[in-house]
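Participant: If it helps, the file is called coords.cif and holds mmCIF, C-alpha atoms and all ligand atoms:
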```
data_coords
loop_
_atom_site.label_atom_id
_atom_site.label_comp_id
_atom_site.auth_asym_id
_atom_site.auth_seq_id
_atom_site.Cartn_x
_atom_site.Cartn_y
_atom_site.Cartn_z
CA MET Q 265 19.79 69.37 225.58
CA ILE Q 266 17.72 72.49 225.00
CA GLU Q 267 14.68 72.82 227.24
CA ASN Q 268 12.27 74.51 224.84
CA LYS Q 269 9.93 75.62 227.56
CA PHE Q 270 12.55 78.06 228.81
CA LEU Q 271 13.63 79.50 225.48
CA PRO Q 272 12.36 83.08 225.45
CA LYS Q 273 9.65 84.35 223.16
CA ALA Q 274 10.57 87.44 221.14
CA TYR Q 275 11.11 90.30 223.55
CA THR Q 276 8.40 92.95 223.38
CA HIS Q 277 10.24 95.75 225.20
CA ALA Q 278 13.68 97.34 225.02
CA ILE Q 279 15.82 98.56 227.91
CA SER Q 280 19.06 100.48 227.66
CA GLY Q 281 20.27 100.38 231.23
CA SER Q 282 19.22 100.13 234.87
CA SER Q 283 19.80 97.85 237.87
CA VAL Q 284 18.00 94.97 239.57
CA GLY Q 285 18.61 93.39 242.96
CA TYR Q 286 17.72 90.19 244.82
CA GLU Q 287 18.52 88.61 248.13
CA SER Q 288 18.55 84.82 248.25
CA PRO Q 289 19.33 82.36 251.05
CA SER Q 290 21.36 79.20 251.31
CA ASN Q 291 19.65 75.85 251.89
CA ILE Q 292 20.49 72.62 253.66
CA ALA Q 293 19.46 69.29 252.17
CA LEU Q 294 17.69 66.74 254.35
CA ILE Q 295 17.75 64.15 251.55
CA LYS Q 296 20.94 64.72 249.63
CA TYR Q 297 21.67 65.24 245.96
CA TRP Q 298 24.97 63.54 245.16
CA GLY Q 299 25.54 62.43 241.58
CA LYS Q 300 24.53 64.20 238.39
CA TYR Q 301 24.28 63.64 234.65
CA GLY Q 302 23.88 65.71 231.49
CA ASN Q 303 23.54 69.41 232.06
CA GLN Q 304 23.40 69.56 235.87
CA LEU Q 305 20.56 67.05 236.20
CA PRO Q 306 20.30 65.12 239.47
CA LYS Q 307 20.62 61.33 239.63
CA ASN Q 308 18.17 61.32 242.54
CA PRO Q 309 15.54 63.65 243.97
CA SER Q 310 16.39 65.75 247.03
CA ILE Q 311 14.62 67.96 249.57
CA SER Q 312 15.99 70.84 251.63
CA PHE Q 313 15.16 73.34 254.31
CA THR Q 314 15.52 76.86 252.96
CA LEU Q 315 17.61 78.91 255.38
CA ASN Q 316 16.94 82.40 256.60
CA THR Q 317 20.09 84.06 257.93
CA CYS Q 318 22.78 82.80 255.57
CA LYS Q 319 22.09 84.69 252.38
CA THR Q 320 23.57 86.63 249.48
CA GLN Q 321 22.50 90.06 248.28
CA THR Q 322 23.23 90.77 244.65
CA ARG Q 323 22.69 93.90 242.59
CA VAL Q 324 23.20 93.73 238.84
CA SER Q 325 23.66 97.04 236.99
CA PHE Q 326 23.50 96.81 233.22
CA GLN Q 327 24.10 98.98 230.20
CA LYS Q 328 23.31 98.07 226.61
CA LEU Q 329 26.46 97.57 224.49
CA GLU Q 330 26.76 99.25 221.11
CA LYS Q 331 28.19 96.10 219.62
CA SER Q 332 27.65 92.58 220.90
CA LYS Q 333 28.54 89.06 219.87
CA LYS Q 334 26.90 85.80 220.83
CA GLY Q 335 29.05 83.90 223.33
CA SER Q 336 31.00 86.97 224.38
CA PHE Q 337 30.17 88.44 227.81
CA ASP Q 338 31.16 91.75 229.34
CA PHE Q 339 30.90 91.79 233.13
CA GLU Q 340 32.78 92.66 236.28
CA ILE Q 341 32.10 91.24 239.71
CA TYR Q 342 32.49 92.78 243.17
CA LEU Q 343 32.28 91.18 246.60
CA ASP Q 344 31.63 93.63 249.45
CA GLY Q 345 32.66 96.49 247.16
CA GLU Q 346 35.99 94.93 246.14
CA PRO Q 347 36.65 93.61 242.61
CA LYS Q 348 36.73 89.81 242.60
CA PRO Q 349 38.34 88.63 239.35
CA GLY Q 350 38.68 85.18 240.97
CA PHE Q 351 34.90 84.69 240.59
CA GLU Q 352 34.93 85.45 236.86
CA PRO Q 353 35.55 81.94 235.44
CA LYS Q 354 32.56 80.54 237.35
CA ILE Q 355 30.28 83.34 236.11
CA GLU Q 356 31.65 83.05 232.57
CA GLN Q 357 30.84 79.33 232.60
CA PHE Q 358 27.37 80.06 234.02
CA PHE Q 359 26.69 82.63 231.27
CA HIS Q 360 27.71 80.15 228.58
CA ARG Q 361 25.39 77.52 230.05
CA ILE Q 362 22.39 79.86 230.20
CA GLU Q 363 22.89 81.95 227.07
CA ASP Q 364 20.37 80.02 224.93
CA TYR Q 365 17.70 80.75 227.55
CA VAL Q 366 18.56 84.40 228.25
CA PRO Q 367 20.21 85.49 224.97
CA PHE Q 368 20.18 89.16 226.00
CA ILE Q 369 23.14 88.58 228.35
CA SER Q 370 25.66 89.06 225.52
CA GLU Q 371 24.08 92.42 224.66
CA TYR Q 372 24.76 94.21 227.93
CA LYS Q 373 27.71 95.23 230.04
CA PHE Q 374 27.11 94.07 233.63
CA LYS Q 375 28.37 95.08 237.00
CA ILE Q 376 27.53 92.36 239.53
CA ALA Q 377 27.86 93.57 243.12
CA THR Q 378 27.38 90.90 245.73
CA SER Q 379 27.72 90.45 249.49
CA ASN Q 380 27.11 87.56 251.86
CA SER Q 381 25.54 87.77 255.31
CA PHE Q 382 27.87 85.05 256.55
CA PRO Q 383 31.60 85.61 257.03
CA HIS Q 384 33.71 85.23 253.93
CA SER Q 385 35.61 81.93 253.84
CA SER Q 386 33.59 80.62 256.76
CA GLY Q 387 33.37 77.27 255.02
CA ILE Q 388 29.73 77.96 254.16
CA ALA Q 389 29.21 77.51 250.46
CA SER Q 390 27.85 80.69 248.91
CA SER Q 391 27.11 78.99 245.58
CA ALA Q 392 23.45 78.20 246.35
CA SER Q 393 22.61 81.69 247.63
CA GLY Q 394 24.88 83.46 245.13
CA MET Q 395 23.74 81.63 242.00
CA SER Q 396 20.06 81.85 242.93
CA ALA Q 397 20.35 85.60 243.61
CA LEU Q 398 22.08 86.14 240.25
CA ALA Q 399 19.56 83.97 238.39
CA LEU Q 400 16.72 86.01 239.91
CA CYS Q 401 18.36 89.28 238.85
CA LEU Q 402 18.62 88.01 235.26
CA MET Q 403 14.98 86.93 235.32
CA GLU Q 404 13.99 90.34 236.65
CA MET Q 405 15.76 91.81 233.64
CA GLU Q 406 14.04 89.38 231.30
CA LYS Q 407 10.71 90.40 232.82
CA GLN Q 408 11.44 93.99 231.86
CA LEU Q 409 12.07 92.79 228.29
CA GLN Q 410 8.87 90.72 228.32
CA PRO Q 411 6.51 92.16 230.96
CA ASN Q 412 3.63 89.76 230.32
CA MET Q 413 5.58 86.82 231.75
CA SER Q 414 3.59 84.85 234.34
CA VAL Q 415 4.75 84.60 237.96
CA ASP Q 416 4.93 80.80 237.69
CA HIS Q 417 7.12 80.98 234.61
CA PHE Q 418 9.35 83.57 236.31
CA ASN Q 419 9.85 81.35 239.36
CA GLU Q 420 10.36 78.11 237.44
CA LYS Q 421 12.80 79.65 235.01
CA ALA Q 422 14.74 81.43 237.78
CA SER Q 423 15.18 78.07 239.54
CA PHE Q 424 16.06 76.43 236.21
CA LEU Q 425 18.80 79.03 235.58
CA ALA Q 426 20.07 78.79 239.17
CA ARG Q 427 20.42 75.02 238.72
CA LEU Q 428 22.71 75.60 235.76
CA GLY Q 429 24.94 77.70 238.06
CA SER Q 430 25.04 75.22 240.92
CA GLY Q 431 22.64 72.28 241.22
CA SER Q 432 21.47 72.84 244.77
CA ALA Q 433 20.95 76.58 244.07
CA CYS Q 434 17.63 75.69 242.41
CA ARG Q 435 16.29 74.88 245.90
CA SER Q 436 16.94 78.35 247.38
CA LEU Q 437 14.25 80.50 245.79
CA THR Q 438 11.28 79.62 247.96
CA GLY Q 439 10.65 77.92 251.29
CA PRO Q 440 10.25 76.48 253.82
CA LEU Q 441 11.09 73.23 252.01
CA VAL Q 442 11.92 72.65 248.36
CA VAL Q 443 11.95 69.44 246.32
CA TRP Q 444 14.24 69.04 243.33
CA GLY Q 445 14.09 65.98 241.09
CA GLU Q 446 11.27 63.90 239.68
CA HIS Q 447 9.41 61.83 242.24
CA GLU Q 448 5.96 60.27 242.08
CA GLU Q 449 4.96 61.61 245.52
CA PHE Q 450 5.54 65.19 244.47
CA ARG Q 451 3.25 66.40 241.74
CA GLY Q 452 4.99 68.84 239.40
CA SER Q 453 8.45 67.84 240.63
CA SER Q 454 11.14 68.13 238.00
CA ASN Q 455 14.80 67.43 237.37
CA LEU Q 456 15.00 70.88 235.77
CA TYR Q 457 14.02 73.10 238.73
CA GLY Q 458 12.98 73.05 242.37
CA VAL Q 459 9.35 73.13 243.50
CA LYS Q 460 7.90 74.17 246.83
CA PHE Q 461 7.09 71.22 249.12
CA SER Q 462 3.33 71.15 248.89
CA HIS Q 463 2.29 68.35 251.26
CA GLU Q 464 1.01 69.06 254.73
CA LEU Q 465 3.79 70.30 257.04
CA HIS Q 466 3.74 69.91 260.81
CA PRO Q 467 4.21 73.35 262.44
CA VAL Q 468 7.34 72.16 264.29
CA PHE Q 469 9.22 72.31 260.97
CA GLU Q 470 8.11 75.82 260.04
CA ASP Q 471 10.65 77.39 262.35
CA TYR Q 472 13.12 74.55 262.76
CA GLN Q 473 16.56 75.74 263.87
CA ASP Q 474 19.87 75.08 262.15
CA THR Q 475 22.98 76.13 264.07
CA ILE Q 476 25.96 75.75 261.79
CA LEU Q 477 29.18 74.84 263.61
CA MET Q 478 32.27 76.01 261.74
CA VAL Q 479 34.44 73.00 262.34
CA ASP Q 480 36.71 73.77 259.43
CA LYS Q 481 36.74 76.97 257.44
CA GLY Q 482 39.35 75.92 254.89
CA GLU Q 483 38.82 75.34 251.19
CA LYS Q 484 37.45 71.88 250.49
CA GLN Q 485 40.14 69.56 249.10
CA VAL Q 486 37.58 68.00 246.76
CA SER Q 487 35.01 70.19 244.99
CA SER Q 488 31.35 69.17 244.71
CA THR Q 489 31.80 68.89 240.93
CA VAL Q 490 34.55 66.30 241.34
CA GLY Q 491 32.56 64.51 244.07
CA HIS Q 492 29.40 64.31 241.92
CA ASN Q 493 31.42 62.89 239.03
CA LEU Q 494 32.87 60.17 241.24
CA MET Q 495 29.34 58.77 241.57
CA ASN Q 496 29.69 57.67 237.91
CA ASN Q 497 30.85 54.05 238.04
CA HIS Q 498 30.64 54.06 241.85
CA PRO Q 499 29.78 50.46 242.81
CA PHE Q 500 27.18 51.57 245.38
CA ALA Q 501 25.64 54.38 243.31
CA PRO Q 502 22.56 52.52 241.97
CA ALA Q 503 21.62 51.41 245.49
CA ARG Q 504 22.20 54.93 246.83
CA PHE Q 505 19.97 56.52 244.18
CA ASP Q 506 17.20 53.99 244.96
CA GLN Q 507 17.59 54.67 248.68
CA ALA Q 508 17.29 58.44 248.20
CA TYR Q 509 14.16 57.88 246.10
CA MET Q 510 12.64 55.76 248.88
CA HIS Q 511 13.65 58.28 251.53
CA MET Q 512 11.70 60.93 249.59
CA THR Q 513 8.62 58.75 250.05
CA ASP Q 514 9.42 58.14 253.72
CA ILE Q 515 9.83 61.81 254.59
CA VAL Q 516 6.29 62.83 253.54
CA PRO Q 517 4.46 61.29 256.56
CA ILE Q 518 7.31 62.38 258.87
CA LEU Q 519 6.98 66.01 257.84
CA LYS Q 520 3.22 65.77 258.23
CA SER Q 521 3.11 64.10 261.66
CA GLY Q 522 6.11 65.84 263.23
CA ASP Q 523 7.56 62.45 264.23
CA LEU Q 524 10.93 63.81 265.37
CA ASP Q 525 12.51 60.43 266.14
CA ALA Q 526 11.86 59.29 262.59
CA PHE Q 527 13.01 62.68 261.25
CA MET Q 528 16.31 62.58 263.14
CA HIS Q 529 17.00 59.00 262.09
CA LEU Q 530 16.33 59.73 258.42
CA VAL Q 531 18.29 62.97 258.28
CA GLU Q 532 21.36 61.61 260.07
CA ARG Q 533 21.33 58.49 257.93
CA GLU Q 534 21.27 60.70 254.82
CA ALA Q 535 24.20 62.79 256.06
CA LEU Q 536 26.31 59.75 256.87
CA THR Q 537 25.39 58.04 253.61
CA LEU Q 538 26.55 61.12 251.66
CA HIS Q 539 29.93 60.92 253.37
CA ALA Q 540 30.02 57.14 253.01
CA MET Q 541 29.70 57.63 249.24
CA MET Q 542 32.72 59.96 249.33
CA MET Q 543 34.72 57.52 251.43
CA THR Q 544 34.02 54.66 249.02
CA SER Q 545 34.57 56.41 245.66
CA SER Q 546 37.66 55.90 243.57
CA PRO Q 547 39.65 57.91 244.40
CA TYR Q 548 38.20 57.96 247.94
CA PHE Q 549 38.24 61.04 250.12
CA ILE Q 550 37.12 62.21 253.56
CA LEU Q 551 35.67 65.67 254.12
CA MET Q 552 34.84 65.19 257.80
CA LYS Q 553 37.50 66.24 260.31
CA PRO Q 554 38.20 64.70 263.72
CA ASN Q 555 36.13 67.50 265.29
CA THR Q 556 33.17 66.63 263.06
CA LEU Q 557 33.09 63.20 264.69
CA GLN Q 558 33.61 64.65 268.17
CA VAL Q 559 30.57 66.89 267.63
CA ILE Q 560 28.44 64.02 266.33
CA GLU Q 561 29.30 61.91 269.36
CA LYS Q 562 28.49 64.77 271.74
CA ILE Q 563 25.12 65.30 270.02
CA TRP Q 564 24.29 61.62 270.38
CA ASN Q 565 25.29 61.63 274.07
CA PHE Q 566 23.25 64.76 274.74
CA ARG Q 567 20.24 63.26 273.01
CA ARG Q 568 20.56 60.02 274.96
CA GLU Q 569 20.97 61.79 278.30
CA THR Q 570 18.37 64.55 277.95
CA GLY Q 571 15.92 63.13 275.42
CA ALA Q 572 16.09 66.47 273.55
CA PRO Q 573 15.33 66.08 269.83
CA VAL Q 574 18.66 67.38 268.55
CA SER Q 575 20.16 65.92 265.41
CA PHE Q 576 22.73 66.83 262.82
CA THR Q 577 23.25 66.94 259.12
CA LEU Q 578 26.32 67.58 256.99
CA ASP Q 579 26.86 69.07 253.57
CA ALA Q 580 29.91 68.41 251.42
CA GLY Q 581 32.34 69.58 254.10
CA ALA Q 582 33.42 69.26 257.73
CA ASN Q 583 30.92 71.72 259.26
CA VAL Q 584 28.02 70.35 261.28
CA HIS Q 585 24.45 71.62 260.97
CA VAL Q 586 22.74 71.11 264.33
CA LEU Q 587 18.99 70.74 263.77
CA TYR Q 588 16.33 71.17 266.49
CA PRO Q 589 12.84 72.57 267.10
CA ALA Q 590 12.59 76.27 268.08
CA ALA Q 591 11.05 75.28 271.44
CA GLU Q 592 14.36 73.59 272.38
CA SER Q 593 16.50 76.62 271.50
CA GLU Q 594 17.52 77.67 274.98
CA LYS Q 595 18.54 74.19 276.08
CA VAL Q 596 20.37 73.42 272.83
CA LEU Q 597 22.19 76.75 272.63
CA ASP Q 598 23.46 76.21 276.18
CA PHE Q 599 24.66 72.76 275.14
CA ILE Q 600 26.37 74.23 272.06
CA LYS Q 601 28.07 76.96 274.07
CA ASN Q 602 29.17 74.61 276.85
CA GLU Q 603 30.15 71.54 274.88
CA LEU Q 604 30.46 72.13 271.15
CA VAL Q 605 32.01 75.57 270.64
CA LYS Q 606 35.41 74.16 271.54
CA TYR Q 607 35.34 72.07 268.37
CA CYS Q 608 34.64 75.11 266.16
CA GLN Q 609 37.43 77.06 264.47
CA ASN Q 610 37.82 80.31 266.42
CA GLY Q 611 34.69 79.28 268.34
CA GLN Q 612 32.56 80.31 265.35
CA TYR Q 613 29.00 79.19 264.71
CA ILE Q 614 25.97 80.71 262.97
CA CYS Q 615 22.40 80.49 264.26
CA ASP Q 616 20.05 80.02 261.35
CA ASN Q 617 16.51 78.76 260.95
CA VAL Q 618 14.06 77.71 258.27
CA GLY Q 619 13.08 80.58 255.98
CA ASN Q 620 10.84 81.43 253.10
CA GLY Q 621 13.22 82.06 250.23
CA ALA Q 622 14.40 84.91 248.08
CA ARG Q 623 13.24 88.53 248.12
CA LYS Q 624 13.47 91.35 245.62
CA LEU Q 625 15.57 94.31 246.83
O1 LIG Q 701 25.00 72.13 244.34
P1 LIG Q 701 26.29 71.39 244.45
O2 LIG Q 701 26.78 70.89 243.13
O3 LIG Q 701 27.35 72.17 245.18
O4 LIG Q 701 26.05 70.05 245.30
C1 LIG Q 701 25.58 70.08 246.61
C2 LIG Q 701 25.60 68.74 247.19
C3 LIG Q 701 25.25 68.64 248.67
O5 LIG Q 701 25.29 69.88 249.32
C4 LIG Q 701 26.28 67.73 249.33
C5 LIG Q 701 23.89 67.99 248.86
C6 LIG Q 701 22.70 68.83 248.53
O6 LIG Q 701 21.69 68.23 248.13
O7 LIG Q 701 22.73 70.06 248.72
#
```
Just give me the structure as structure tokens.
Ligand code: PMV

Facilitator:
Amino acid sequence: MIENKFLPKAYTHAISGSSVGYESPSNIALIKYWGKYGNQLPKNPSISFTLNTCKTQTRVSFQKLEKSKKGSFDFEIYLDGEPKPGFEPKIEQFFHRIEDYVPFISEYKFKIATSNSFPHSSGIASSASGMSALALCLMEMEKQLQPNMSVDHFNEKASFLARLGSGSACRSLTGPLVVWGEHEEFRGSSNLYGVKFSHELHPVFEDYQDTILMVDKGEKQVSSTVGHNLMNNHPFAPARFDQAYMHMTDIVPILKSGDLDAFMHLVEREALTLHAMMMTSSPYFILMKPNTLQVIEKIWNFRRETGAPVSFTLDAGANVHVLYPAAESEKVLDFIKNELVKYCQNGQYICDNVGNGARKL
């Protein structure tokens, strides 16, 4: 389906060559997107914290080609200065998906130079930060071709393009929280792009902490794409999509009041439901590892014994995101160092916190 709103108007300016750069963070969903249809459209709405430390920096250099052909793309990609031909198929597929909306991409030769702030193959997905940074670079280029573009259009279309690269990437452009998917509680929400959470937010969430424990740094055995597709014909899928929709309603007063008990209950239930969907698909699969469960149990014990508002969430992998208010940092980091680091591969973890989204370089 072509989304007419994002088809470009005739370009008013010409550019022969230059470079553009953006830095964009990762995000962690509180209410999870799992299941899609059509062209990367979500079966249920989702909401995420934008992160701050885990991010990708991307610089795109471009040069106008003498001869170009629709559907044919000329690009090379570098990670930390090294050529990365392994990334090419994903970018090629992304370019095909977005070409109708940014038709100039077949007319230039691109050099895409990217680097991540988090360790390579740490098990942290770089698709959200990487695809959003690249989408922003392409929009920056389009803005040079059509300088009278409005800021709102720029932001919406950048998120729209990022979504076509990797669904959850559309939630990385702004912060501190982003909603993706149509929902009656969120005016302006859309299946096509993410929008900034615009309800009242309790200050405790503005600098909420997310310490990511690297339980398993290996490649996932089941990709998100395969996992999303297994929600088609999943016997529990309709109930899950309804539940996520209701959770989006439930989270609004929680985020306003700062009710941390309700927050922790909702977020952990979401994480476990995501994994329950994986464990009950056909074929079924398990992405958690024994250490994931050890960590969860330790968090629950710590919470019971100390009353500290520490909770967890999971993405589509074995790593655990430990979530807590900034005021609890000292206590929780001690707990992590003393009791959880032993479950992390090579003792690795990353301290992150809620951030405000992407930035032009
Ligand atoms: O953006 P994708 O296709 O990699 O899917 C991400 C899915 C989850 O991380 C599991 C949930 C989410 O909403 O981010």

Participant: Pick from Q:Leu409, Q:Cys318, Q:Leu402, Q:Ile292: nearest to ligand LIG 701 (chain Q), with only C-alpha atoms and all ligand atoms counted?

Facilitator: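 Using only C-alpha atoms and all ligand atoms, the shortest distance to ligand LIG 701 (chain Q) belongs to Q:Ile292.
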
Participant: Check which residues fall inside 9 Å of ligand LIG 701 (chain Q) when counting all atoms listed in the file, and print them as JSON, numbers by chain.

Facilitator: {"Q": [291, 292, 293, 294, 295, 296, 297, 298, 299, 300, 304, 309, 310, 311, 312, 389, 391, 392, 427, 429, 430, 431, 432, 433, 434, 435, 444, 487, 488, 489, 491, 492, 535, 538, 539, 578, 579, 580, 581]}

Participant: Which residue out of Q:Ser423, Q:Ser288, Q:Asn583, Q:Gly522 has the minimum interatomic distance to Val442 of chain Q when only C-alpha atoms are used?

Facilitator: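 Closest candidate: Q:Ser423.
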
Participant: Take atom CA of Lys553 of chain Q and atom CA of Asn602 of chain Q and report the distance between them in Å, one decimal.

Facilitator: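 These two atoms are separated by 20.3 Å.
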
Participant: Taking into account only C-alpha atoms, which residue in the set Q:Lys460, Q:Ser283, Q:Gln357, Q:Thr475 is nearest to Leu597 of chain Q?

Facilitator: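 Result for the nearest residue to Leu597 of chain Q: Q:Thr475.
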
Participant: Take atom CA of Gln558 of chain Q and atom CA of Ser290 of chain Q and report the distance between them in Å, one decimal.

Facilitator: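 Interatomic distance here is 25.4 Å.
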
Participant: Calculated over only C-alpha atoms, which of the candidates Q:Thr317, Q:Gln609, Q:Asn493, Q:Ser325 has the smallest distance to Val284 of chain Q?

Facilitator: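 Looking only at the distances to Val284 of chain Q, the closest residue turns out to be Q:Ser325.
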
Participant: Using all atoms listed in the file, can you tell me which of Q:Glu371, Q:Glu406, Q:Asp616, Q:Glu470 comes closest to Tyr275 of chain Q?

Facilitator: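 Counting all atoms listed in the file, the residue closest to Tyr275 of chain Q is Q:Glu406.
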
Participant: Can you work out which one of Q:Ala572, Q:Ile362, Q:Thr544, Q:Pro467 has the shortest atom-to-atom distance to Ala422 of chain Q, counting only C-alpha atoms?

Facilitator: Q:Ile362

Participant: List the spatial neighbours of Lys354 of chain Q as an mmCIF file with C-alpha atoms, in the frame of the given file - criterion: any atom at most 12 Å away, only C-alpha atoms, same-chain residues fewer than 6 positions off excluded.

Facilitator:
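Output file selection-v5.cif follows:
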```
data_model
loop_
_atom_site.group_PDB
_atom_site.id
_atom_site.type_symbol
_atom_site.label_atom_id
_atom_site.label_comp_id
_atom_site.auth_asym_id
_atom_site.auth_seq_id
_atom_site.Cartn_x
_atom_site.Cartn_y
_atom_site.Cartn_z
ATOM 1 C CA ILE Q 341 32.100 91.240 239.710
ATOM 2 C CA LYS Q 348 36.730 89.810 242.600
ATOM 3 C CA HIS Q 360 27.710 80.150 228.580
ATOM 4 C CA ARG Q 361 25.390 77.520 230.050
ATOM 5 C CA SER Q 391 27.110 78.990 245.580
ATOM 6 C CA GLY Q 394 24.880 83.460 245.130
ATOM 7 C CA MET Q 395 23.740 81.630 242.000
ATOM 8 C CA LEU Q 428 22.710 75.600 235.760
ATOM 9 C CA GLY Q 429 24.940 77.700 238.060
ATOM 10 C CA SER Q 430 25.040 75.220 240.920
#
```

Participant: I'd like the neighbourhood of Tyr472 of chain Q as a PyMOL selection string, where a residue qualifies if any of its atoms comes within 12 Å (using only C-alpha atoms), though same-chain residues fewer than 4 positions away should be ignored.

Facilitator: chain Q and resi 292+313-316+440-441+465-468+519+522+524+527+573-575+585-593+615-619

Participant: With only C-alpha atoms as the counted atoms, please give the residues lying no more than 10 Å from Met542 of chain Q, apart from itself and same-chain residues fewer than 5 positions off, as a PDB file with C-alpha atoms, in the coordinates of the input.

Facilitator:
```pdb
ATOM      1  CA  TRP Q 298      24.970  63.540 245.160  1.00  0.00           C
ATOM      2  CA  VAL Q 486      37.580  68.000 246.760  1.00  0.00           C
ATOM      3  CA  GLY Q 491      32.560  64.510 244.070  1.00  0.00           C
ATOM      4  CA  HIS Q 492      29.400  64.310 241.920  1.00  0.00           C
ATOM      5  CA  LEU Q 494      32.870  60.170 241.240  1.00  0.00           C
ATOM      6  CA  MET Q 495      29.340  58.770 241.570  1.00  0.00           C
ATOM      7  CA  HIS Q 498      30.640  54.060 241.850  1.00  0.00           C
ATOM      8  CA  LEU Q 536      26.310  59.750 256.870  1.00  0.00           C
ATOM      9  CA  THR Q 537      25.390  58.040 253.610  1.00  0.00           C
ATOM     10  CA  PRO Q 547      39.650  57.910 244.400  1.00  0.00           C
ATOM     11  CA  TYR Q 548      38.200  57.960 247.940  1.00  0.00           C
ATOM     12  CA  PHE Q 549      38.240  61.040 250.120  1.00  0.00           C
ATOM     13  CA  ILE Q 550      37.120  62.210 253.560  1.00  0.00           C
ATOM     14  CA  LEU Q 551      35.670  65.670 254.120  1.00  0.00           C
ATOM     15  CA  ALA Q 580      29.910  68.410 251.420  1.00  0.00           C
TER      16      ALA Q 580
END
```

Participant: List as a list in words the protein and nucleic acid residues near Ala526 of chain Q, meaning an atom at most 12 Å away when all atoms listed in the file are counted, but skip any in the same chain fewer than 6 places from it.

Facilitator: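 Counting all atoms listed in the file, the residues come to His511, Asp514, Ile515, Val516, Pro517, Ile518, Leu519, Lys520, Glu532, Arg533, Pro573 and Ser575 of chain Q.
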
Participant: Which value, in Å to one decimal, gives the distance between atom CA of Phe424 of chain Q and atom CA of Pro411 of chain Q?

Facilitator: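 Atom-to-atom, atom CA of Phe424 of chain Q to atom CA of Pro411 of chain Q, that is 19.1 Å.
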
Participant: Using only C-alpha atoms, which residues sit within 9 Å of Glu446 of chain Q once same-chain residues fewer than 5 positions away are excluded, as a ChimeraX atom specification?

Facilitator: /Q:308-309,451-456
